[in-house]
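Participant: Provided herewith: data.cif, mmCIF, C-alpha atoms and all ligand atoms.
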data_structure
#
loop_
_atom_site.label_atom_id
_atom_site.label_comp_id
_atom_site.auth_asym_id
_atom_site.auth_seq_id
_atom_site.Cartn_x
_atom_site.Cartn_y
_atom_site.Cartn_z
CA MET H 200 135.50 79.56 153.99
CA LYS H 201 136.33 82.10 156.66
CA VAL H 202 133.73 84.53 157.92
CA THR H 203 135.12 87.90 158.98
CA GLY H 204 132.06 90.19 158.70
CA LYS H 205 129.35 90.60 161.32
CA PHE H 206 125.76 89.44 161.12
CA ILE H 207 123.04 91.43 162.89
CA THR H 208 119.37 90.43 162.99
CA PHE H 209 116.24 92.37 163.99
CA GLU H 210 113.33 90.49 165.54
CA GLY H 211 110.02 91.06 167.27
CA ILE H 212 106.31 90.40 166.87
CA ASP H 213 104.41 92.30 164.17
CA GLY H 214 103.88 95.87 165.34
CA ALA H 215 106.88 95.84 167.69
CA GLY H 216 108.46 98.65 165.67
CA LYS H 217 111.71 97.07 164.50
CA SER H 218 111.48 98.43 160.95
CA THR H 219 111.75 102.02 162.19
CA HIS H 220 115.20 101.29 163.58
CA ILE H 221 116.82 99.27 160.81
CA ALA H 222 117.61 102.23 158.57
CA TYR H 223 119.05 104.08 161.54
CA VAL H 224 121.39 101.24 162.49
CA ALA H 225 122.46 100.72 158.88
CA GLU H 226 123.30 104.39 158.47
CA ARG H 227 125.22 104.50 161.73
CA LEU H 228 127.22 101.41 160.79
CA ARG H 229 127.95 102.77 157.31
CA GLN H 230 129.39 105.94 158.81
CA ALA H 231 131.65 103.89 161.07
CA LEU H 232 132.63 101.17 158.62
CA SER H 233 132.95 102.77 155.20
CA PRO H 234 136.26 104.48 156.11
CA ARG H 235 137.52 100.96 156.80
CA GLY H 236 136.34 99.81 153.36
CA ILE H 237 133.58 97.66 154.85
CA ASP H 238 130.09 97.63 153.29
CA VAL H 239 126.84 97.27 155.21
CA ILE H 240 124.14 95.22 153.50
CA THR H 241 120.50 95.32 154.59
CA SER H 242 118.18 92.48 153.73
CA ARG H 243 115.05 90.75 155.01
CA GLU H 244 113.28 87.44 155.51
CA PRO H 245 111.24 85.97 154.10
CA GLY H 246 112.90 87.51 151.05
CA GLY H 247 116.39 88.82 150.39
CA THR H 248 116.77 87.31 146.89
CA PRO H 249 114.55 87.41 143.78
CA LEU H 250 113.33 83.88 144.54
CA GLY H 251 112.86 84.74 148.21
CA GLU H 252 110.83 87.85 147.40
CA THR H 253 108.55 85.79 145.12
CA LEU H 254 108.05 83.23 147.87
CA ARG H 255 107.45 86.04 150.39
CA GLU H 256 104.26 86.99 148.53
CA VAL H 257 103.06 83.39 148.78
CA LEU H 258 104.05 83.00 152.43
CA LEU H 259 102.43 86.24 153.56
CA GLN H 260 99.18 85.81 151.65
CA GLN H 261 98.34 82.13 151.24
CA LYS H 262 97.21 79.71 153.91
CA MET H 263 99.14 76.42 153.89
CA HIS H 264 100.05 73.45 156.06
CA LEU H 265 102.18 74.47 159.01
CA GLU H 266 105.10 72.28 157.91
CA THR H 267 104.92 73.63 154.35
CA GLU H 268 105.20 77.12 155.82
CA ALA H 269 108.23 76.18 157.93
CA LEU H 270 109.94 74.37 155.04
CA LEU H 271 109.39 77.34 152.72
CA MET H 272 110.78 79.77 155.32
CA PHE H 273 113.95 77.67 155.50
CA ALA H 274 114.10 77.25 151.71
CA VAL H 275 114.01 81.04 151.36
CA ARG H 276 116.71 81.23 154.03
CA ARG H 277 118.94 78.70 152.26
CA GLU H 278 118.88 80.83 149.13
CA HIS H 279 119.38 84.03 151.14
CA ILE H 280 122.47 82.60 152.84
CA ALA H 281 123.91 81.23 149.58
CA GLN H 282 123.33 84.35 147.50
CA VAL H 283 123.65 87.20 149.97
CA ILE H 284 124.66 86.51 153.56
CA ALA H 285 127.59 84.09 153.17
CA PRO H 286 129.33 85.95 150.31
CA ALA H 287 129.04 89.25 152.20
CA LEU H 288 130.36 87.87 155.49
CA GLU H 289 133.21 86.14 153.67
CA ARG H 290 134.17 89.47 152.06
CA GLY H 291 134.27 90.98 155.53
CA ASP H 292 131.14 93.06 155.01
CA TRP H 293 128.39 93.41 157.61
CA VAL H 294 124.87 92.11 157.06
CA ILE H 295 121.70 93.35 158.74
CA SER H 296 118.70 91.08 158.26
CA ASP H 297 115.14 92.06 159.13
CA ARG H 298 114.29 88.66 160.68
CA PHE H 299 116.14 85.32 160.50
CA THR H 300 115.80 81.87 162.10
CA ASP H 301 114.61 83.19 165.47
CA ALA H 302 111.42 84.24 163.62
CA SER H 303 110.83 80.64 162.52
CA PHE H 304 111.17 79.45 166.12
CA ALA H 305 108.91 82.25 167.36
CA TYR H 306 106.18 82.15 164.68
CA GLN H 307 106.13 78.54 163.43
CA GLY H 308 107.33 77.07 166.75
CA GLY H 309 105.74 79.40 169.34
CA GLY H 310 102.76 80.74 167.40
CA ARG H 311 101.83 77.63 165.44
CA HIS H 312 103.28 74.98 167.78
CA LEU H 313 105.54 73.20 165.29
CA SER H 314 107.88 71.01 167.33
CA LEU H 315 111.20 72.55 168.26
CA ASP H 316 112.88 69.28 167.22
CA LYS H 317 111.75 69.81 163.64
CA LEU H 318 112.87 73.42 163.68
CA ASN H 319 116.23 72.45 165.16
CA ALA H 320 116.64 69.85 162.41
CA LEU H 321 115.93 72.47 159.73
CA GLU H 322 118.34 74.89 161.32
CA GLN H 323 121.03 72.21 161.47
CA TRP H 324 120.45 71.45 157.80
CA VAL H 325 120.35 75.00 156.51
CA HIS H 326 122.95 76.80 158.62
CA PRO H 327 124.76 74.49 161.04
CA ASP H 328 127.64 76.93 161.51
CA LEU H 329 126.06 80.34 161.13
CA GLN H 330 124.46 82.37 163.93
CA PRO H 331 123.92 86.12 164.22
CA ASP H 332 126.60 88.00 166.16
CA LEU H 333 123.88 90.26 167.51
CA THR H 334 120.08 89.95 167.63
CA LEU H 335 118.04 93.01 168.58
CA LEU H 336 114.67 91.85 169.90
CA PHE H 337 112.07 94.63 169.92
CA ASP H 338 109.62 93.75 172.63
CA VAL H 339 106.23 95.29 173.35
CA PRO H 340 103.05 94.21 175.13
CA LEU H 341 100.53 92.68 172.73
CA ALA H 342 98.04 95.50 173.05
CA VAL H 343 100.62 98.05 171.96
CA ALA H 344 101.66 95.95 168.95
CA ARG H 345 98.03 95.43 167.95
CA ALA H 346 97.21 99.13 168.16
CA ARG H 347 100.24 100.00 166.00
CA LEU H 348 99.28 97.45 163.36
CA ASP H 349 95.65 98.49 163.20
CA ALA H 350 96.70 102.11 162.78
CA THR H 351 99.13 101.55 159.94
CA ARG H 352 98.02 99.31 157.09
CA GLU H 353 96.19 96.42 155.52
CA LEU H 354 97.11 93.28 157.44
CA ASP H 355 98.87 90.23 155.95
CA LYS H 356 98.24 86.57 156.89
CA PHE H 357 100.36 86.64 160.03
CA GLU H 358 99.17 90.05 161.16
CA GLN H 359 95.56 88.80 161.10
CA GLU H 360 96.30 86.10 163.68
CA LYS H 361 94.56 86.12 167.05
CA VAL H 362 96.01 87.46 170.27
CA ASP H 363 96.99 83.96 171.54
CA PHE H 364 99.19 83.45 168.50
CA PHE H 365 101.13 86.62 169.26
CA ALA H 366 101.33 85.83 172.97
CA ASP H 367 102.94 82.47 172.12
CA THR H 368 105.19 84.05 169.48
CA ARG H 369 106.38 86.72 171.90
CA ASN H 370 107.00 84.14 174.65
CA GLU H 371 109.13 82.02 172.32
CA TYR H 372 111.19 85.07 171.36
CA LEU H 373 111.74 85.85 175.04
CA ARG H 374 112.60 82.21 175.78
CA ARG H 375 115.22 82.24 173.04
CA ALA H 376 116.63 85.52 174.30
CA LYS H 377 117.18 83.80 177.66
CA GLU H 378 118.69 80.75 175.98
CA PHE H 379 121.18 82.79 173.94
CA PRO H 380 121.96 85.81 176.12
CA GLN H 381 125.36 86.36 174.50
CA ARG H 382 123.84 87.50 171.20
CA PHE H 383 120.33 88.76 172.15
CA ARG H 384 119.60 92.28 173.35
CA ILE H 385 115.99 92.95 174.33
CA ILE H 386 114.82 96.47 173.55
CA ASP H 387 111.75 97.79 175.35
CA SER H 388 109.95 99.10 172.31
CA THR H 389 107.38 101.09 174.28
CA GLN H 390 110.09 103.73 174.80
CA SER H 391 110.35 106.82 172.61
CA ILE H 392 112.26 106.53 169.35
CA ALA H 393 114.96 108.79 170.80
CA ALA H 394 115.37 106.58 173.87
CA ILE H 395 115.56 103.45 171.75
CA ARG H 396 118.17 105.03 169.48
CA ASN H 397 120.20 105.92 172.51
CA GLU H 398 120.09 102.31 173.71
CA ILE H 399 120.92 100.99 170.26
CA ASP H 400 123.91 103.37 170.02
CA GLY H 401 125.47 101.76 173.08
CA ILE H 402 124.95 98.25 171.75
CA ILE H 403 126.32 99.07 168.30
CA ASP H 404 129.32 100.94 169.73
CA ALA H 405 130.23 97.86 171.77
CA LEU H 406 130.03 95.63 168.69
CA LEU H 407 132.12 98.06 166.63
CA ALA H 408 134.72 98.21 169.39
CA SER H 409 134.94 94.44 169.60
CA ALA H 410 135.26 94.21 165.81
CA SER H 411 137.98 96.84 165.50
CA GLY H 412 139.92 95.41 168.44
CA GLN H 413 140.81 92.47 166.20
CA ASN H 414 140.49 90.30 169.25
CA PRO H 415 140.39 86.77 167.84
CA THR H 416 137.92 85.67 170.51
CA ASN H 417 135.43 88.19 169.11
CA GLN H 418 135.73 87.01 165.56
CA VAL H 419 133.20 84.64 164.16
CA LYS H 420 135.05 81.48 163.34
CA THR H 421 132.64 79.66 161.11
CA SER H 422 132.55 78.26 157.68
CA ILE H 423 129.46 78.35 155.54
CA ALA H 424 128.72 75.91 152.77
P1 LIG L 501 107.56 91.54 158.63
O1 LIG L 501 108.98 91.22 158.86
O2 LIG L 501 106.78 91.94 159.85
O3 LIG L 501 107.49 92.59 157.48
P2 LIG L 501 106.57 93.87 157.40
O4 LIG L 501 107.09 94.76 158.49
O5 LIG L 501 106.83 94.36 156.02
O6 LIG L 501 105.16 93.37 157.63
O7 LIG L 501 106.75 90.34 157.91
C1 LIG L 501 107.21 89.07 157.80
C2 LIG L 501 106.22 88.11 158.41
O8 LIG L 501 106.72 86.79 158.22
C3 LIG L 501 106.03 88.31 159.89
O9 LIG L 501 104.65 88.24 160.21
C4 LIG L 501 106.71 87.11 160.52
C5 LIG L 501 106.68 86.06 159.45
N1 LIG L 501 107.82 85.11 159.50
C6 LIG L 501 107.60 83.82 159.95
O10 LIG L 501 106.47 83.45 160.31
N2 LIG L 501 108.64 82.94 159.99
C7 LIG L 501 109.90 83.28 159.58
O11 LIG L 501 110.83 82.44 159.62
C8 LIG L 501 110.11 84.62 159.11
C9 LIG L 501 111.47 85.04 158.65
C10 LIG L 501 109.04 85.51 159.09
#
Mind turning the file's structure into structure tokens?
Ligand code: TYD
Facilitator:
Amino acid sequence: MKVTGKFITFEGIDGAGKSTHIAYVAERLRQALSPRGIDVITSREPGGTPLGETLREVLLQQKMHLETEALLMFAVRREHIAQVIAPALERGDWVISDRFTDASFAYQGGGRHLSLDKLNALEQWVHPDLQPDLTLLFDVPLAVARARLDATRELDKFEQEKVDFFADTRNEYLRRAKEFPQRFRIIDSTQSIAAIRNEIDGIIDALLASASGQNPTNQVKTSIA
């Protein structure tokens, strides 16, 4: 099956501020794409489907073996791809996901030290041919993220982790950004919301231009089971 839509993911450690910007990007894309008859779908992981949302509760609240956690994250993802992401991209719609596989590498791999070989194997199993077209990585120093979390709400299982966990998670995100520079954009999330929006505008405009140019080299040429 041919994929003609675009897939955008938002990433960052807890408290990095990504959620603030998702609605903004979705709205901006809708304004640009709806005249072309293209829908913009927002979703999240873990979650994105009724099954995924049920498993999200379990994943965010219950302690479990590290490999169980990784396997469940990818099980949720398999369902998310089958039910939501693949059908949308095949229709030519755009999908924005609040977290995707980079989060498994960062949290289960970086934070919890699950081997990258195992994570690579799961990725190969679950989505061998699908990668985001664009990943916005919201990056902040740990102290800033911590202060934001403490100020906002009751903390879930991941948010209660120690500072070392977040240092390792953040480092893995940054390592992946270096490994895949063509799709990652690192946003300095200590900036004001206005400054971040300004930066995001430039990134999104470039993606829209590449999509409307109908340049075949910019089109995702993948098939998804
Ligand atoms: P998050 O996206 O931060 O949602 P909220 O802003 O509502 O708290 O919460 C999801 C948590 O799940 C986050 O702590 C990261 C974690 N997570 C993983 O550990 N591995 C994964 O593969 C995914 C998708 C998320």
Participant: Which residue, H:Val339, H:Leu288, H:Leu354, H:Leu321, has the smallest gap to ligand LIG 501 (chain L) when you use all atoms listed in the file?
Facilitator: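 The closest residue to ligand LIG 501 (chain L) is H:Leu354.
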Participant: So that each row is one residue of chain H with an atom at most 9 Å from ligand LIG 501 (chain L), can you give its shortest atom pair and the distance in Å to one decimal, using all atoms listed in the file, rows by chain and rising number, as CSV?
Facilitator:
residue,atom,partner,partner_atom,distance
H:Phe209,CA,L:LIG501,O1,9.0
H:Glu210,CA,L:LIG501,O1,8.0
H:Gly211,CA,L:LIG501,O2,8.1
H:Ile212,CA,L:LIG501,C4,7.2
H:Asp213,CA,L:LIG501,O2,4.9
H:Gly214,CA,L:LIG501,O2,7.3
H:Ala215,CA,L:LIG501,O2,8.8
H:Gly216,CA,L:LIG501,O4,8.3
H:Lys217,CA,L:LIG501,O4,7.9
H:Ser218,CA,L:LIG501,O4,6.2
H:Arg243,CA,L:LIG501,O1,7.2
H:Glu244,CA,L:LIG501,C9,4.3
H:Pro245,CA,L:LIG501,C9,4.6
H:Gly246,CA,L:LIG501,C9,8.1
H:Arg255,CA,L:LIG501,O8,7.9
H:Leu258,CA,L:LIG501,O8,7.4
H:Leu259,CA,L:LIG501,O8,6.4
H:Glu268,CA,L:LIG501,O10,7.9
H:Ala269,CA,L:LIG501,O11,7.0
H:Leu271,CA,L:LIG501,O11,8.7
H:Met272,CA,L:LIG501,O11,5.1
H:Phe273,CA,L:LIG501,O11,7.0
H:Val275,CA,L:LIG501,C9,8.7
H:Arg276,CA,L:LIG501,C9,8.0
H:Asp297,CA,L:LIG501,O1,6.2
H:Arg298,CA,L:LIG501,C9,5.0
H:Phe299,CA,L:LIG501,C9,5.0
H:Thr300,CA,L:LIG501,O11,5.6
H:Asp301,CA,L:LIG501,O11,7.0
H:Ala302,CA,L:LIG501,C7,4.4
H:Ser303,CA,L:LIG501,O11,3.4
H:Phe304,CA,L:LIG501,O11,7.2
H:Ala305,CA,L:LIG501,N2,7.4
H:Tyr306,CA,L:LIG501,O10,4.6
H:Gln307,CA,L:LIG501,O10,5.8
H:Gly310,CA,L:LIG501,O10,8.4
H:Leu354,CA,L:LIG501,O6,8.1
H:Asp355,CA,L:LIG501,O6,7.2
H:Lys356,CA,L:LIG501,O9,7.4
H:Phe357,CA,L:LIG501,O9,4.6
H:Glu358,CA,L:LIG501,O9,5.8
Participant: One decimal, in Å: what's the spacing between CA of Ile385 (chain H) and CA of Phe337 (chain H)?
Facilitator: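 Between CA of Ile385 (chain H) and CA of Phe337 (chain H) the gap works out to 6.1 Å.
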Participant: I need the residue nearest Ile399 (chain H) from this list: H:Ala376, H:Ala281, H:Ala366, H:Ile221. Use only C-alpha atoms for the distance.
Facilitator: H:Ile221
Participant: H:Glu278, H:Ser296, H:Thr351, H:Tyr372: which is nearest Val224 (chain H), counting all atoms listed in the file?
Facilitator: H:Ser296
Participant: Please identify all polymer residues within 12 Å of Ser242 (chain H), counting only C-alpha atoms, omitting same-chain residues fewer than 5 positions from it, and present them as an NGL selection string.
Facilitator: :H and (206-209 or 218 or 221-222 or 225 or 247-249 or 251-252 or 276 or 279-280 or 282-284 or 287 or 293-299)
Participant: Which of these, H:His312, H:Thr203, H:Gln260, H:Gln330, has the shortest distance to Gln359 (chain H) once you count only C-alpha atoms?
Facilitator: H:Gln260
Participant: When you count only C-alpha atoms, which of these residues is closest to Leu329 (chain H): H:Arg345, H:Gln230, H:Ile403, H:Gly204?
Facilitator: H:Gly204
Participant: To one decimal place in Å, what is the distance between CA of His326 (chain H) and CA of Ser233 (chain H)?
Facilitator: 28.0 Å
Participant: When you draw a straight line from CA of Glu226 (chain H) to CA of Asp238 (chain H), how long is it in Å?
Facilitator: 10.9 Å
Participant: Quick one: 4 Å padding each side, axis-aligned, all listed atoms of region 376-381 of chain H - centre and edge lengths in Å to one decimal, as lines of an AutoDock Vina configuration file?
Facilitator:
center_x = 121.0
center_y = 83.6
center_z = 175.8
size_x = 16.7
size_y = 13.6
size_z = 11.7
Participant: For Glu322 (chain H), which of H:Ala342, H:Leu348, H:Ala274, H:Leu336 is the closest residue, counting all atoms listed in the file?
Facilitator: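 For Glu322 (chain H), the nearest of the candidates is H:Ala274.
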